[in-house]
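Engineer: Dropping the structure in here first, questions after.
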Amino acid sequence: MALRLFRPTEVLYTSRQRKAEIRKCVQTNPSVNMLKPKTIANQTSFVSKIGNSSIRTSRIESSAKTFAATTASETLSITEVFEGLTKKKQCAFVPFLVAGDPDLGTTELALKMLDSIGADVIELGVPYSDPLADGPVIHASATRALAGGATLVKVLEMVKRVAPTLKAPLVLFTYINPIMRRGYEKFMGELQEAGVKGLLVPDIPLEETYTLSALAKERGVDLVLLTTPTTTSDRMKSIAEKTEGFLYLVSVTGVTGMRTTVATKVEGLVEELKNYTDKPICVGFGVSKGEHAQSLEGWGADGAIAGSALVRALGEAATPEEGLAAVEALARELRDALPPRV
């Protein structure tokens with residue numbers, strides 16, 4: 001039986017439009033590499049490969065141990081995180097990475113690093129072959145991850161190892177087809193077992209979320225819903241009512257990607273949503289600089305979600321170590337742009 005792929009009105013471009021945009025981007029930007037051949041089987045081979053370069057292996061092993069030593073007695077829930085941030089009058093920093101690019105061992109190190117420098121919530125994308133909500137950078141990253149052997153099962157196995165060591169709750173980003181293939185109940189049980197605290201499914205419409213939402217609540221997982229600039233006010237109210245953890249506000253009509261500025265329309269959308277809900281509102285799509293995060297905070301957003309810039313920094317670097325260093329530098333810039341206000 002063929003699996004149904006939901007395409008709600010909130011999301012974004014059609015598959016044909018998205019693929020056309022990707023082709024245009026690749027033609028005008030050769031740095032977008034769809035199949036960069038640097039997949040590494042595991043963390044050990046990652047250390048060995050770097051050790052064979054001009055960079056000393058001991059330095060990499062030291063970094064890995066430092067990140068691995070960052071443990072939390074108990075990961076906070078998404079709600080607990082935002083309650084704490086509200087007391088400090090601080091906007092959340094929410095980084096996004098694609099699992100498996102360049103490999104799952106490096107992803108694991110990157111998650112620990114992001115947690116150690118103060119990420120409040122971490123969003124992790126499961127690579128998927130037809131990511132309709134994602135632009136060229138994340139699509140290329142997912143393509144590399146899939147070519148390297150990343151699967152939903154392998155991603156969950158990695159998450160199960162790393163989640164207990166993180167203070168920040170993990171939100172898994174995936175599409176509806178892989179969930180349907182595994183079965184709602186089995187999938188939600190796997191998320192709970194892996195220590196995932198939130199789930200974001202961009203291609204499931206509001207009307208189809210009720211079963212998944214009920215199962216998520218039973219398992220202690222927040223089902224995070226999205227709203228966009230083209231969502232009607234009535235529908236926006238319904239989405240705001242049903243979302244858990246936080247509400248994801250897409251800043252633009254289109255797919256993910258780095259932009260020079262954040263759409264000024266966001267300010268009015270955040271203000272409107274504040275009339276409908278007291279749940280946290282996090283804004284994503286186009287956040288790639290500290291100044292973008294500061295703009296969102298000034299407009300009343302409760303969180304800034306940064307994806308494509310971090311994904312490119314990690315996945316398109318010459319080596320995994322260089323990628324980790326680039327991610328750290330950018331993540332610190334974004335984190336430092338959002339200090340506590342009390």
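Each chain in the structure tokens gets a letter, A, B and so on, in the order shown; residues start at 1 in every chain, and ligands are counted from 1 in the order they appear.
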Can you pull out every residue within 9 Å of region 229-236 of chain A, counting only C-alpha atoms, but drop anything in the same chain fewer than 5 positions away, and send it as a list in words?
Structural biologist: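 Near region 229-236 of chain A, the qualifying residues are Thr9, Glu10, Leu206, Glu241, Leu249, Val250, Ser251, Val252, Thr253, Lys265, Val266, Leu269, Glu272, Leu273 and Tyr276 of chain A.
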Engineer: Can you list, as an MDAnalysis selection string, every residue of region 101-199 of chain A that DSSP puts in strand (DSSP E or B)?
Structural biologist: chainID A and resid 122:125 170:173 198:199
Engineer: Would you return as a ChimeraX atom specification the members of region 158-310 of chain A that DSSP assigns to alpha helix (DSSP H) on this structure's backbone?
Structural biologist: /A:158-162,176-182,184-194,210-218,233-242,265-276,290-298,308-310
Engineer: Could you write out that same residue set with C-alpha atoms as a PDB file, in the first residue's frame?
Structural biologist:
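Okay, this is what ended up in out_19.pdb:
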```pdb
ATOM      1  CA  MET A 158      22.648   7.776  18.308  1.00  0.00           C
ATOM      2  CA  VAL A 159      20.091   9.981  20.058  1.00  0.00           C
ATOM      3  CA  LYS A 160      19.561   7.308  22.705  1.00  0.00           C
ATOM      4  CA  ARG A 161      23.279   7.521  23.509  1.00  0.00           C
ATOM      5  CA  VAL A 162      23.606  11.280  23.516  1.00  0.00           C
ATOM      6  CA  ILE A 176       5.189  11.988   8.126  1.00  0.00           C
ATOM      7  CA  ASN A 177       6.010   9.097   5.773  1.00  0.00           C
ATOM      8  CA  PRO A 178       8.788   7.587   7.916  1.00  0.00           C
ATOM      9  CA  ILE A 179       6.481   7.836  10.946  1.00  0.00           C
ATOM     10  CA  MET A 180       3.614   6.125   9.147  1.00  0.00           C
ATOM     11  CA  ARG A 181       5.912   3.403   7.899  1.00  0.00           C
ATOM     12  CA  ARG A 182       6.994   2.530  11.439  1.00  0.00           C
ATOM     13  CA  TYR A 184       2.505   5.897  15.198  1.00  0.00           C
ATOM     14  CA  GLU A 185       2.602   3.924  18.447  1.00  0.00           C
ATOM     15  CA  LYS A 186       5.916   2.213  17.745  1.00  0.00           C
ATOM     16  CA  PHE A 187       7.506   5.464  16.629  1.00  0.00           C
ATOM     17  CA  MET A 188       6.394   7.412  19.683  1.00  0.00           C
ATOM     18  CA  GLY A 189       7.616   4.611  21.935  1.00  0.00           C
ATOM     19  CA  GLU A 190      11.006   4.805  20.238  1.00  0.00           C
ATOM     20  CA  LEU A 191      11.154   8.568  20.788  1.00  0.00           C
ATOM     21  CA  GLN A 192      10.404   8.158  24.472  1.00  0.00           C
ATOM     22  CA  GLU A 193      13.012   5.410  24.823  1.00  0.00           C
ATOM     23  CA  ALA A 194      15.603   7.558  23.041  1.00  0.00           C
ATOM     24  CA  TYR A 210      -4.848  14.554  16.815  1.00  0.00           C
ATOM     25  CA  THR A 211      -3.855  10.877  17.019  1.00  0.00           C
ATOM     26  CA  LEU A 212      -0.155  11.665  16.923  1.00  0.00           C
ATOM     27  CA  SER A 213      -0.581  14.425  19.506  1.00  0.00           C
ATOM     28  CA  ALA A 214      -2.433  12.114  21.910  1.00  0.00           C
ATOM     29  CA  LEU A 215       0.254   9.439  21.610  1.00  0.00           C
ATOM     30  CA  ALA A 216       2.970  12.063  22.071  1.00  0.00           C
ATOM     31  CA  LYS A 217       1.396  13.292  25.297  1.00  0.00           C
ATOM     32  CA  GLU A 218       1.241   9.730  26.632  1.00  0.00           C
ATOM     33  CA  SER A 233      -5.964  34.143  11.571  1.00  0.00           C
ATOM     34  CA  ASP A 234      -8.582  31.532  12.478  1.00  0.00           C
ATOM     35  CA  ARG A 235      -6.260  28.683  11.579  1.00  0.00           C
ATOM     36  CA  MET A 236      -3.391  30.374  13.394  1.00  0.00           C
ATOM     37  CA  LYS A 237      -5.506  30.422  16.551  1.00  0.00           C
ATOM     38  CA  SER A 238      -6.234  26.706  16.226  1.00  0.00           C
ATOM     39  CA  ILE A 239      -2.571  25.863  15.668  1.00  0.00           C
ATOM     40  CA  ALA A 240      -1.536  27.994  18.642  1.00  0.00           C
ATOM     41  CA  GLU A 241      -4.081  26.171  20.800  1.00  0.00           C
ATOM     42  CA  LYS A 242      -2.949  22.682  19.776  1.00  0.00           C
ATOM     43  CA  LYS A 265       6.633  41.018   8.853  1.00  0.00           C
ATOM     44  CA  VAL A 266       7.675  38.710  11.676  1.00  0.00           C
ATOM     45  CA  GLU A 267       7.165  41.478  14.217  1.00  0.00           C
ATOM     46  CA  GLY A 268       3.480  41.795  13.387  1.00  0.00           C
ATOM     47  CA  LEU A 269       3.014  38.016  13.300  1.00  0.00           C
ATOM     48  CA  VAL A 270       4.589  37.585  16.728  1.00  0.00           C
ATOM     49  CA  GLU A 271       2.361  40.332  18.097  1.00  0.00           C
ATOM     50  CA  GLU A 272      -0.717  38.680  16.606  1.00  0.00           C
ATOM     51  CA  LEU A 273       0.206  35.265  17.969  1.00  0.00           C
ATOM     52  CA  LYS A 274       0.739  36.725  21.448  1.00  0.00           C
ATOM     53  CA  ASN A 275      -2.955  37.603  21.378  1.00  0.00           C
ATOM     54  CA  TYR A 276      -3.843  33.946  20.811  1.00  0.00           C
ATOM     55  CA  GLY A 290      23.692  37.323  15.814  1.00  0.00           C
ATOM     56  CA  GLU A 291      21.963  40.459  14.570  1.00  0.00           C
ATOM     57  CA  HIS A 292      19.097  38.335  13.201  1.00  0.00           C
ATOM     58  CA  ALA A 293      18.592  36.752  16.613  1.00  0.00           C
ATOM     59  CA  GLN A 294      18.643  40.166  18.262  1.00  0.00           C
ATOM     60  CA  SER A 295      16.006  41.445  15.835  1.00  0.00           C
ATOM     61  CA  LEU A 296      13.717  38.543  16.697  1.00  0.00           C
ATOM     62  CA  GLU A 297      14.175  39.140  20.409  1.00  0.00           C
ATOM     63  CA  GLY A 298      13.379  42.811  19.931  1.00  0.00           C
ATOM     64  CA  SER A 308      20.952  26.353   7.401  1.00  0.00           C
ATOM     65  CA  ALA A 309      24.034  28.340   8.435  1.00  0.00           C
ATOM     66  CA  LEU A 310      24.982  25.760  11.074  1.00  0.00           C
TER      67      LEU A 310
END
```
Engineer: So the first atom is CA of Gly183 (chain A) and the second is CA of Val224 (chain A); what is the distance between them in Å, to one decimal place?
Structural biologist: 18.9 Å
Engineer: Need to verify the contact set: Thr107 (chain A), 10 Å, only C-alpha atoms, exclusion of same-chain residues closer than 2 positions in sequence. Can you return it as an MDAnalysis selection string?
Structural biologist: chainID A and resid 43 97:105 109:113 124 155 158:159 162 314:315 320 324
Engineer: One decimal, in Å: what's the spacing between CA of Ile138 (chain A) and CA of Val171 (chain A)?
Structural biologist: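 Calculated distance between CA of Ile138 (chain A) and CA of Val171 (chain A) is 16.6 Å.
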